[in-house]
Amino acid sequence: MPDSLTITIEQAVARVPIWRKASSLTASPISGGVTNVNYRVEVDGEAFVVRIEGQGTERLGIDRQREYQCLVAASRTGVGPTVVYCLPAGGILVTRFIDGRNLSAEEMGRPEMIARVVRSLHLYHTGPPFDGLFSPFRTLEDYLRVARAHRAPLPGDTGWMFDRAAEIEAVLRPAWPAALPCHNDLWGPNLIDDGTLVRIVDWEYAAMGNVYFDLANFAIHHTFSDAQDEALLRAYFGAVTDLSLAQLKLLKIIAELREGMWCMVGVGVSNADFDFLGYATTHFDRYHQAVDDARVSRWMVQAAAGA
């Protein structure tokens with residue numbers, strides 16, 4: 001939990017106009033936040049979530065006005081939570097509480113659950129357009145700049161890692177698909193099974209983007225195997241092609257680097273009680289393993305052939 005929030009929960013609750021005449025109101029913290037703090041707030045028998053941002057989140061590439069617009073659009077598809085109140089300048093977001101549960105990586109990797117997640121992805125990928133444009137490659141550059149400015153302990157081979165990422169971008173760029181609404185942060189705590197639909201919260205990094213990166217981001221967060229990657233593509237597109245598999249595999253590599261660099265920024269700018277260095281090491285190690293995969297050269301050729 002961040003030690004330095006922009007405001008307290010008491011101050012946040014006081015700023016929500018529709019609660020000023022509430023006869024009963026209680027707030028309790030929800031575990032799991034890294035750079036923000038979330039509270040479950042019960043107001044006259046109804047349940048809500050109040051999100052309060054931690055300090056320095058803008059350095060992670062978060063634009064609160066954009067987040068709000070994307071969340072409103074996502075809520076119209078039924079996937080995102082219903083927005084009750086938002087004060088972007090104050091870092092306050094109030095949504096209706098989603099009654100459901102998070103799933104383990106093992107559960108998330110089952111074919112039937114992959115299909116359910118894909119259903120939710122399809123709903124917002126084809127839904128109302130989002131504000132902004134997300135590129136994982138430009139995000140990497142931004143994170144590197146901020147990490148250096150704040151003297152984060154970058155790995156000694158950071159230049160090498162970015163060179164490999166640039167090679168992947170050069171291959172993917174000619175066949176880069178049209179931008180669609182994307183979430184870009186599909187790790188386990190952000191996915192909630194309400195029993196009917198897999199709902200998705202935390203739209204801080206949402207923008208128009210590449211659906212393959214959304215798929216890749218989801219896949220790395222749940223440590224998908226080759227078979228699960230193919231199941232994901234089959235559920236999403238109806239079939240697996242050399243091009244679709246190459247794009248997914250290459251963007252999984254980039255997604256690993258993005259997670260590691262996100263942590264480097266966190267080390268430099270956040271005081272959250274989170275093991276940024278340990279998390280970064282995990283993803284940098286996985287990045288190296290992925291880059292060293294003997295199949296990368298084949299995926300590069302197949303991706304280039306699809307241009």
# chains A, B, ... in the order shown; residues from 1 in each chain; ligands from 1

call {"tool": "residues_around", "arguments": {"residues": "range 239-249 of chain A", "least_positions_apart": "2", "cutoff": "8 Å", "atoms": "only C-alpha atoms", "output": "number ranges by chain"}}
result
A: 172, 212-213, 215-216, 229-230, 233-235, 237, 251-253, 299-300, 302-303, 305-306

call {"tool": "select_by_dssp", "arguments": {"residues": "range 79-286 of chain A", "states": "alpha helix (DSSP H)", "output": "ChimeraX atom specification"}}
result
/A:105-108,111-125,136-149,158-172,211-221,226-237,242-269,276-286

call {"tool": "residues_around", "arguments": {"residues": "Ile9 in chain A", "least_positions_apart": "4", "cutoff": "8 Å", "atoms": "only C-alpha atoms", "output": "list in words"}}
result
Val13, Ala27, Tyr39 and Ile52 of chain A

call {"tool": "closest_residue", "arguments": {"among": "A:Leu140, A:Val94, A:Ala231, A:Cys86", "to": "Ala166 in chain A", "atoms": "only C-alpha atoms"}}
result
A:Leu140

call {"tool": "residues_around", "arguments": {"residues": "range 178-185 of chain A", "least_positions_apart": "3", "cutoff": "8 Å", "atoms": "only C-alpha atoms", "output": "list of chain:residue names"}}
result
A:Tyr124, A:His125, A:Thr126, A:Gly127, A:Pro128, A:Pro129, A:Phe130, A:Leu133, A:Asn190, A:Asp202, A:Trp203, A:Tyr205, A:Ala206, A:Ala207, A:Met208, A:Gly209, A:Asn210, A:Val211, A:Phe213, A:Asp214, A:Asn217, A:Phe218

call {"tool": "atom_distance", "arguments": {"atom1": "CA of Val83 in chain A", "atom2": "CA of Thr95 in chain A"}}
result
4.5 Å

call {"tool": "select_by_dssp", "arguments": {"residues": "range 167-223 of chain A", "states": "strand (DSSP E)", "output": "list in words"}}
result
Leu180, Pro181, Cys182, Leu191, Ile192, Asp193, Val198, Arg199, Ile200, Ala207, Met208 and Gly209 of chain A

call {"tool": "atom_distance", "arguments": {"atom1": "CA of Tyr236 in chain A", "atom2": "CA of Leu123 in chain A"}}
result
11.4 Å

call {"tool": "closest_atom_pairs", "arguments": {"of": "range 129-234 of chain A", "to": "range 101-113 of chain A", "cutoff": "10 Å", "atoms": "only C-alpha atoms", "output": "JSON lines"}}
result
{"residue": "A:Trp187", "atom": "CA", "partner": "A:Ala105", "partner_atom": "CA", "distance": 9.5}
{"residue": "A:Gly188", "atom": "CA", "partner": "A:Asn102", "partner_atom": "CA", "distance": 6.7}
{"residue": "A:Pro189", "atom": "CA", "partner": "A:Asn102", "partner_atom": "CA", "distance": 6.1}
{"residue": "A:Asn190", "atom": "CA", "partner": "A:Asn102", "partner_atom": "CA", "distance": 7.9}
{"residue": "A:Leu191", "atom": "CA", "partner": "A:Asn102", "partner_atom": "CA", "distance": 6.1}
{"residue": "A:Ile192", "atom": "CA", "partner": "A:Asn102", "partner_atom": "CA", "distance": 4.9}
{"residue": "A:Asp193", "atom": "CA", "partner": "A:Arg101", "partner_atom": "CA", "distance": 5.3}
{"residue": "A:Asp194", "atom": "CA", "partner": "A:Arg101", "partner_atom": "CA", "distance": 6.7}
{"residue": "A:Gly195", "atom": "CA", "partner": "A:Arg101", "partner_atom": "CA", "distance": 8.6}
{"residue": "A:Val198", "atom": "CA", "partner": "A:Met113", "partner_atom": "CA", "distance": 9.0}
{"residue": "A:Arg199", "atom": "CA", "partner": "A:Arg101", "partner_atom": "CA", "distance": 9.8}
{"residue": "A:Phe218", "atom": "CA", "partner": "A:Met108", "partner_atom": "CA", "distance": 9.7}
{"residue": "A:Ala219", "atom": "CA", "partner": "A:Gly109", "partner_atom": "CA", "distance": 8.7}
{"residue": "A:His221", "atom": "CA", "partner": "A:Ala105", "partner_atom": "CA", "distance": 8.1}
{"residue": "A:His222", "atom": "CA", "partner": "A:Ala105", "partner_atom": "CA", "distance": 5.0}
{"residue": "A:Thr223", "atom": "CA", "partner": "A:Ala105", "partner_atom": "CA", "distance": 7.5}
{"residue": "A:Phe224", "atom": "CA", "partner": "A:Gly109", "partner_atom": "CA", "distance": 6.8}
{"residue": "A:Ser225", "atom": "CA", "partner": "A:Gly109", "partner_atom": "CA", "distance": 8.8}
{"residue": "A:Ala227", "atom": "CA", "partner": "A:Gly109", "partner_atom": "CA", "distance": 9.8}
{"residue": "A:Gln228", "atom": "CA", "partner": "A:Gly109", "partner_atom": "CA", "distance": 6.5}
{"residue": "A:Asp229", "atom": "CA", "partner": "A:Gly109", "partner_atom": "CA", "distance": 9.3}
{"residue": "A:Ala231", "atom": "CA", "partner": "A:Pro111", "partner_atom": "CA", "distance": 6.6}
{"residue": "A:Leu232", "atom": "CA", "partner": "A:Pro111", "partner_atom": "CA", "distance": 8.0}

call {"tool": "residues_around", "arguments": {"residues": "Glu42 in chain A", "least_positions_apart": "3", "cutoff": "7 Å", "atoms": "only C-alpha atoms", "output": "ChimeraX atom specification"}}
result
/A:25-27,45-48

call {"tool": "write_last_selection", "arguments": {"atoms": "N, CA and C atoms", "output": "tab-separated table (two decimals), in the first residue's frame"}}
result
chain	number	residue	atom	x	y	z
A	25	LEU	N	-22.59	4.82	6.41
A	25	LEU	CA	-21.46	4.71	5.49
A	25	LEU	C	-20.28	4.10	6.23
A	26	THR	N	-19.75	3.01	5.68
A	26	THR	CA	-18.57	2.38	6.25
A	26	THR	C	-17.56	2.11	5.14
A	27	ALA	N	-16.29	2.15	5.48
A	27	ALA	CA	-15.23	1.92	4.48
A	27	ALA	C	-14.22	0.93	5.03
A	45	GLY	N	-26.62	0.44	2.40
A	45	GLY	CA	-26.91	-0.89	1.90
A	45	GLY	C	-26.38	-1.21	0.52
A	46	GLU	N	-25.74	-0.25	-0.15
A	46	GLU	CA	-25.16	-0.49	-1.47
A	46	GLU	C	-23.63	-0.50	-1.36
A	47	ALA	N	-23.01	-1.33	-2.21
A	47	ALA	CA	-21.55	-1.49	-2.15
A	47	ALA	C	-20.87	-0.80	-3.32
A	48	PHE	N	-19.80	-0.08	-3.01
A	48	PHE	CA	-19.03	0.65	-4.01
A	48	PHE	C	-17.54	0.40	-3.78

call {"tool": "residues_around", "arguments": {"residues": "Phe276 in chain A", "least_positions_apart": "4", "cutoff": "7 Å", "atoms": "only C-alpha atoms", "output": "ChimeraX atom specification"}}
result
/A:263,266-267,280

call {"tool": "closest_residue", "arguments": {"among": "A:Thr8, A:Thr57, A:Ser23, A:Ser75", "to": "Gly268 in chain A", "atoms": "only C-alpha atoms"}}
result
A:Thr57

call {"tool": "atom_distance", "arguments": {"atom1": "CA of Pro88 in chain A", "atom2": "CA of Tyr68 in chain A"}}
result
7.5 Å

call {"tool": "residues_around", "arguments": {"residues": "Met261 in chain A", "least_positions_apart": "2", "cutoff": "8 Å", "atoms": "only C-alpha atoms", "output": "compact mmCIF listing (two decimals) with N, CA and C atoms, in the first residue's frame"}}
result
# COMPACT_ATOMS: atom_id res chain seq x y z
N LEU A 140 7.80 1.82 -23.50
CA LEU A 140 9.14 1.40 -23.05
C LEU A 140 10.11 2.57 -23.05
N TYR A 143 9.30 4.84 -20.12
CA TYR A 143 9.73 4.24 -18.85
C TYR A 143 11.24 4.33 -18.68
N LEU A 144 11.98 4.11 -19.75
CA LEU A 144 13.44 4.19 -19.67
C LEU A 144 13.88 5.60 -19.30
N ALA A 147 12.95 6.19 -15.60
CA ALA A 147 13.80 5.38 -14.73
C ALA A 147 15.21 5.97 -14.63
N LEU A 257 9.18 -7.25 -21.18
CA LEU A 257 10.06 -6.10 -20.99
C LEU A 257 9.28 -4.92 -20.43
N ARG A 258 8.08 -4.74 -20.91
CA ARG A 258 7.24 -3.65 -20.39
C ARG A 258 7.01 -3.81 -18.89
N GLU A 259 6.73 -5.02 -18.43
CA GLU A 259 6.53 -5.24 -16.99
C GLU A 259 7.80 -4.92 -16.21
N CYS A 263 8.41 -1.72 -13.46
CA CYS A 263 8.96 -1.85 -12.11
C CYS A 263 10.13 -0.91 -11.88
N MET A 264 10.95 -0.69 -12.90
CA MET A 264 12.07 0.23 -12.76
C MET A 264 11.57 1.65 -12.47
N VAL A 265 10.49 2.03 -13.13
CA VAL A 265 9.89 3.33 -12.82
C VAL A 265 9.37 3.33 -11.39
N ALA A 280 10.62 -7.01 -11.10
CA ALA A 280 11.39 -6.66 -12.30
C ALA A 280 12.32 -7.79 -12.69
